[in-house]
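Asker: Below is the file protein.txt, which contains compact mmCIF, C-alpha atoms.
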```txt
# COMPACT_ATOMS: atom_id res chain seq x y z
CA MET C 1 55.08 -8.10 25.78
CA GLU C 2 53.81 -11.69 25.93
CA GLY C 3 50.79 -10.53 27.92
CA LEU C 4 50.04 -7.84 25.33
CA MET C 5 50.29 -10.39 22.53
CA LEU C 6 47.95 -12.71 24.41
CA LEU C 7 45.39 -9.94 24.78
CA ARG C 8 45.61 -9.20 21.08
CA LEU C 9 45.05 -12.83 20.26
CA ARG C 10 42.21 -13.35 22.70
CA GLY C 11 40.37 -10.07 22.21
CA PRO C 12 38.58 -10.80 18.92
CA PHE C 13 37.42 -14.19 20.11
CA LEU C 14 36.08 -12.96 23.44
CA ALA C 15 34.38 -9.68 22.68
CA GLY C 16 34.02 -9.59 18.93
CA THR C 17 36.25 -8.02 16.32
CA PRO C 18 36.06 -4.34 15.36
CA PRO C 19 33.39 -3.63 12.77
CA ALA C 20 34.43 -4.61 9.26
CA ARG C 21 33.45 -2.16 6.56
CA SER C 22 31.78 -3.36 3.41
CA LYS C 23 29.59 -1.84 0.75
CA SER C 24 25.91 -2.66 0.57
CA PHE C 25 22.96 -1.35 -1.37
CA ARG C 26 19.54 -0.37 -0.09
CA ARG C 27 16.52 1.15 -1.76
CA ILE C 28 15.03 4.32 -0.29
CA HIS C 29 12.10 6.09 -1.96
CA GLY C 30 12.66 4.13 -5.17
CA PHE C 31 16.38 4.89 -5.48
CA GLN C 32 19.14 2.35 -5.00
CA ILE C 33 21.78 3.89 -2.76
CA GLU C 34 25.25 2.58 -2.08
CA ALA C 35 25.94 2.58 1.64
CA GLU C 36 28.90 1.67 3.76
CA LYS C 37 27.94 -1.13 6.11
CA HIS C 38 29.80 -1.77 9.36
CA GLU C 39 29.52 -5.44 10.17
CA TYR C 40 30.10 -6.52 13.76
CA LYS C 41 31.89 -9.86 13.93
CA PRO C 42 30.76 -11.71 17.08
CA GLY C 43 33.28 -13.43 19.33
CA LEU C 44 33.06 -16.15 21.96
CA LEU C 45 31.49 -13.87 24.58
CA ASP C 46 28.84 -12.78 22.08
CA ASP C 47 27.99 -16.42 21.35
CA LEU C 48 27.60 -17.08 25.07
CA LEU C 49 25.30 -14.08 25.48
CA LEU C 50 23.21 -15.18 22.50
CA GLY C 51 22.88 -18.68 23.94
CA PHE C 52 21.90 -17.34 27.37
CA PHE C 53 19.28 -14.98 25.92
CA ARG C 54 17.89 -17.71 23.70
CA ARG C 55 17.50 -20.12 26.65
CA LYS C 56 15.49 -17.51 28.54
CA MET C 57 13.36 -16.86 25.47
CA VAL C 58 12.74 -20.60 25.04
CA GLU C 59 11.68 -20.89 28.69
CA GLU C 60 9.08 -18.17 28.12
CA VAL C 61 7.81 -19.51 24.81
CA GLY C 62 7.95 -23.22 25.65
CA TRP C 63 9.41 -24.09 22.25
CA ASP C 64 12.80 -24.08 20.56
CA SER C 65 13.93 -24.03 16.96
CA LYS C 66 16.14 -26.70 15.46
CA LYS C 67 18.20 -24.02 13.76
CA PRO C 68 21.42 -22.93 15.49
CA GLY C 69 22.58 -19.42 16.27
CA TYR C 70 20.82 -16.20 15.37
CA ASP C 71 18.51 -17.83 12.81
CA GLY C 72 17.14 -20.12 15.49
CA LEU C 73 16.67 -17.20 17.87
CA MET C 74 14.57 -15.36 15.30
CA GLU C 75 12.32 -18.39 14.88
CA VAL C 76 11.77 -18.44 18.66
CA VAL C 77 10.94 -14.71 18.54
CA ASN C 78 8.38 -15.35 15.79
CA GLN C 79 6.89 -18.10 17.94
CA LEU C 80 6.55 -15.59 20.77
CA MET C 81 4.63 -13.31 18.40
CA MET C 82 2.25 -16.12 17.46
CA LYS C 83 1.81 -17.29 21.05
CA GLY C 84 0.59 -13.93 22.33
CA ARG C 85 -3.14 -13.35 22.07
CA SER C 86 -2.62 -9.58 22.01
CA ASN C 87 0.19 -7.09 21.56
CA SER C 88 0.01 -6.33 25.27
CA GLU C 89 0.50 -9.99 26.12
CA ILE C 90 3.49 -10.20 23.76
CA GLU C 91 5.02 -7.14 25.40
CA GLN C 92 4.54 -8.59 28.89
CA SER C 93 6.19 -11.85 27.81
CA ALA C 94 9.19 -9.97 26.43
CA VAL C 95 9.50 -7.95 29.66
CA ARG C 96 9.58 -11.20 31.65
CA VAL C 97 12.41 -12.44 29.45
CA LEU C 98 14.41 -9.26 30.10
CA ILE C 99 13.84 -9.53 33.86
CA SER C 100 15.02 -13.15 33.84
CA LEU C 101 18.41 -12.09 32.46
CA PHE C 102 19.37 -10.43 35.76
CA PRO C 103 19.91 -11.70 39.32
CA PRO C 104 16.74 -11.04 41.37
CA PHE C 105 18.39 -8.55 43.73
CA LEU C 106 20.19 -6.46 41.09
CA LEU C 107 17.26 -4.59 39.54
CA PRO C 108 15.64 -3.30 42.77
CA LEU C 109 19.04 -2.35 44.20
CA PHE C 110 19.92 -0.38 41.08
CA LYS C 111 16.56 1.38 41.16
CA MET C 112 16.94 2.20 44.86
CA LEU C 113 20.62 3.16 45.06
CA ILE C 114 21.80 4.32 41.62
CA THR C 115 18.79 5.80 39.86
CA PRO C 116 18.19 8.68 42.36
CA ILE C 117 21.74 10.05 41.93
CA GLN C 118 21.73 13.38 40.03
CA ASP C 119 18.11 12.92 39.00
CA GLY C 120 18.89 9.72 37.15
CA LYS C 121 21.67 11.05 34.89
CA ILE C 122 24.32 8.73 36.31
CA ALA C 123 22.03 5.73 35.88
CA SER C 124 21.18 6.78 32.32
CA MET C 125 24.85 7.08 31.35
CA MET C 126 25.68 3.75 32.99
CA LEU C 127 22.89 1.96 31.15
CA ALA C 128 23.87 3.51 27.83
CA ARG C 129 27.41 2.20 28.18
CA ALA C 130 26.28 -1.22 29.37
CA THR C 131 23.91 -1.49 26.41
CA ALA C 132 26.54 -0.49 23.86
CA ILE C 133 29.05 -2.97 25.29
CA SER C 134 26.81 -5.98 25.86
CA CYS C 135 24.20 -5.88 23.09
CA GLN C 136 26.15 -5.69 19.85
CA TRP C 137 25.67 -9.43 19.35
CA LEU C 138 21.93 -8.71 19.12
CA MET C 139 21.77 -5.36 17.34
CA GLY C 140 25.08 -5.00 15.51
CA THR C 141 27.52 -2.12 15.67
CA CYS C 142 26.50 0.59 18.13
CA SER C 143 28.09 3.41 20.09
CA VAL C 144 27.35 5.82 22.93
CA ASN C 145 26.33 9.34 21.88
CA SER C 146 24.93 12.52 23.40
CA VAL C 147 21.19 13.19 23.54
CA ASP C 148 19.05 16.13 24.61
CA LEU C 149 17.19 15.68 27.89
CA PRO C 150 13.78 17.14 28.81
CA ASP C 151 15.40 19.73 31.12
CA GLY C 152 17.26 21.27 28.18
CA SER C 153 20.65 19.79 29.01
CA SER C 154 22.51 17.18 27.02
CA CYS C 155 23.97 13.95 28.32
CA SER C 156 26.00 11.05 26.94
CA SER C 157 23.13 8.68 27.68
CA GLY C 158 22.30 7.71 24.11
CA VAL C 159 23.15 4.63 22.10
CA PHE C 160 23.13 4.76 18.32
CA VAL C 161 22.68 1.46 16.50
CA GLU C 162 24.04 1.81 12.97
CA ARG C 163 21.92 -0.91 11.39
CA CYS C 164 19.87 -3.08 13.71
CA LYS C 165 20.42 -6.75 12.99
CA TYR C 166 17.33 -7.72 14.99
CA LEU C 167 15.06 -5.55 12.83
CA GLU C 168 16.73 -6.54 9.58
CA GLU C 169 16.61 -10.28 10.32
CA SER C 170 13.02 -10.22 11.58
CA LYS C 171 11.87 -8.32 8.46
CA CYS C 172 8.89 -7.16 10.49
CA LEU C 173 7.97 -3.82 12.02
CA GLY C 174 5.59 -5.59 14.41
CA VAL C 175 8.38 -7.78 15.79
CA CYS C 176 10.51 -4.67 16.39
CA ILE C 177 7.71 -2.80 18.16
CA ASN C 178 6.17 -5.62 20.22
CA THR C 179 9.22 -7.68 21.21
CA CYS C 180 11.89 -4.96 21.39
CA LYS C 181 10.92 -1.28 21.49
CA LEU C 182 7.88 -1.31 23.80
CA PRO C 183 9.01 -4.04 26.23
CA THR C 184 12.53 -2.58 26.50
CA GLN C 185 11.14 0.87 27.29
CA THR C 186 8.80 -0.67 29.88
CA PHE C 187 11.56 -2.78 31.42
CA PHE C 188 13.99 0.07 32.04
CA LYS C 189 11.29 2.37 33.40
CA ASP C 190 9.49 -0.10 35.66
CA CYS C 191 12.40 -2.28 36.78
CA MET C 192 15.31 0.17 36.90
CA GLY C 193 13.51 3.50 37.25
CA VAL C 194 15.08 5.01 34.12
CA PRO C 195 12.87 6.27 31.28
CA LEU C 196 13.95 5.24 27.80
CA LEU C 197 12.86 6.37 24.36
CA MET C 198 13.79 4.14 21.43
CA GLU C 199 13.52 5.66 17.96
CA PRO C 200 13.90 3.02 15.23
CA ASN C 201 14.44 4.32 11.71
CA PHE C 202 12.62 1.95 9.38
CA ALA C 203 14.23 3.46 6.27
CA ASP C 204 17.84 2.59 7.08
CA TYR C 205 17.29 0.19 10.06
CA SER C 206 19.24 2.36 12.47
CA CYS C 207 17.95 3.00 15.98
CA GLN C 208 18.53 5.72 18.58
CA PHE C 209 18.27 4.87 22.28
CA LYS C 210 17.69 7.85 24.58
CA PHE C 211 18.07 6.93 28.24
CA GLY C 212 16.57 9.59 30.50
CA VAL C 213 13.91 10.59 27.96
CA THR C 214 10.28 9.60 28.53
CA PRO C 215 8.63 8.04 25.46
CA PRO C 216 5.41 9.56 24.11
CA ALA C 217 2.03 7.93 24.56
CA GLN C 218 1.55 5.02 22.20
CA ASP C 219 -1.22 6.76 20.27
CA THR C 220 1.18 9.60 19.40
CA ASP C 221 4.38 7.56 18.94
CA LYS C 222 5.38 7.94 15.29
CA ALA C 223 7.13 4.57 15.25
CA LEU C 224 3.80 2.83 15.87
CA GLN C 225 2.23 4.57 12.88
CA GLU C 226 4.79 3.53 10.27
CA PRO C 227 3.77 1.39 7.26
CA CYS C 228 5.07 -2.12 6.73
CA LEU C 229 8.73 -2.61 5.84
CA ASP C 230 9.59 -3.12 2.18
CA ILE C 231 11.43 -6.31 3.17
CA CYS C 232 8.37 -7.75 4.94
CA PRO C 233 7.58 -11.13 3.30
CA ASN C 234 3.85 -10.36 3.37
CA VAL C 235 3.91 -6.77 2.13
CA ARG C 236 4.02 -7.66 -1.59
CA ARG C 237 1.07 -10.01 -1.23
CA ARG C 238 -0.98 -7.30 0.48
CA ARG C 239 -0.02 -4.82 -2.24
CA ASN C 240 -1.23 -7.21 -4.91
CA LEU C 241 -4.50 -7.77 -3.08
CA ARG C 242 -5.06 -4.02 -2.78
CA GLY C 243 -4.05 -3.38 -6.38
CA ASN C 244 -1.73 -0.49 -5.49
CA ASN C 245 1.50 0.32 -3.68
CA ASP C 246 -0.19 1.93 -0.69
CA VAL C 247 0.83 -0.20 2.27
CA THR C 248 -1.07 0.57 5.43
CA GLN C 249 0.09 0.21 9.01
CA CYS C 250 1.62 -3.14 9.92
CA PRO C 251 -1.24 -5.41 11.08
CA LYS C 252 0.96 -6.73 13.91
CA VAL C 253 1.32 -3.30 15.56
```
Starting from the coordinates I provided, produce the structure as structure tokens.
Answerer:
Amino acid sequence: MEGLMLLRLRGPFLAGTPPARSKSFRRIHGFQIEAEKHEYKPGLLDDLLLGFFRRKMVEEVGWDSKKPGYDGLMEVVNQLMMKGRSNSEIEQSAVRVLISLFPPFLLPLFKMLITPIQDGKIASMMLARATAISCQWLMGTCSVNSVDLPDGSSCSSGVFVERCKYLEESKCLGVCINTCKLPTQTFFKDCMGVPLLMEPNFADYSCQFKFGVTPPAQDTDKALQEPCLDICPNVRRRRNLRGNNDVTQCPKV
């Protein structure tokens, strides 16, 4: 009984508390809609993961923010965007950060020993669960779900992010595409041998991960053709300059 009580006391501080439900409002197509928002409350382990990720990001960028926590991380991410001379260079920098998070031997061993099993389905399911467990500090509440694979079968190799904190805090479609979606897809395919399609929804800030599904070519990827986010700090200024509400593709994509 004492052990059970200790686990109950320690759990929220180590791995984050269960999502708290609160009401929020968002505007979609001109209408204000009341939506239930599940807020993930980070614990001690989440804070450690954030600090570790931020240190690796700082090593790549060569600069750190004076702000603590998640706000400081987002300033480092924005610095990465400004440092890159092209979107390709930004993507390569983000891939290097992801690689640096793992021991050198782990990625090639996973690709050699785990990925070939059952045509990659086992690896895809493992990565989906690892992502859902370890990345809520970055993205917010997420869960494993089933996705359709190219061979017509379905597999529990998906991760659904209810409302991506990274996208919402960055307020920028370009940051999402260049520092998250494209480099993450490249990392899992090149370093672990598992294709990944990420489908961010820029209307409600959710995101669907599909491990085991090959992403389309960039010139046909719908996510790369989306207009700027309404919350983008520069979108209103561009609207005023154009004299209408037609916002073209994000200039950072």
Asker: Kindly indicate which residue among C:Leu107, C:Val159, C:Leu101, C:Val147 lies nearest to Ala130 of chain C, using only C-alpha atoms for the distances.
Answerer: C:Val159
Asker: Taking into account all atoms listed in the file, which residue in the set C:Gln218, C:Ser153, C:Asn78, C:Thr186 is nearest to Tyr166 of chain C?
Answerer: C:Asn78
Asker: Find the spatial neighbours of Met126 of chain C, counting only C-alpha atoms, within a cut-off of 10 Å - ignore same-chain residues fewer than 6 positions away - and output them as a PyMOL selection string.
Answerer: chain C and resi 114-115+120+156-157+211
Asker: May I have the selected residues written with C-alpha atoms, as a PDB file, in the coordinates of the input?
Answerer:
```pdb
ATOM      1  CA  ILE C 114      21.800   4.320  41.620  1.00  0.00           C
ATOM      2  CA  THR C 115      18.790   5.800  39.860  1.00  0.00           C
ATOM      3  CA  GLY C 120      18.890   9.720  37.150  1.00  0.00           C
ATOM      4  CA  SER C 156      26.000  11.050  26.940  1.00  0.00           C
ATOM      5  CA  SER C 157      23.130   8.680  27.680  1.00  0.00           C
ATOM      6  CA  PHE C 211      18.070   6.930  28.240  1.00  0.00           C
TER       7      PHE C 211
END
```
Asker: Can you tell me, as AutoDock Vina command-line options, the centre and edge lengths (Å, one decimal) of the axis-aligned box enclosing all of segment 221-230 of chain C's listed atoms after padding each side by 6 Å?
Answerer:
```
--center_x 5.9 --center_y 2.4 --center_z 10.6 --size_x 19.4 --size_y 23.1 --size_z 28.8
```
Asker: Kindly indicate which residue among C:Val58, C:Ile117, C:Val175, C:Ala203 lies nearest to Ser100 of chain C, using only C-alpha atoms for the distances.
Answerer: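 Closest candidate: C:Val58.
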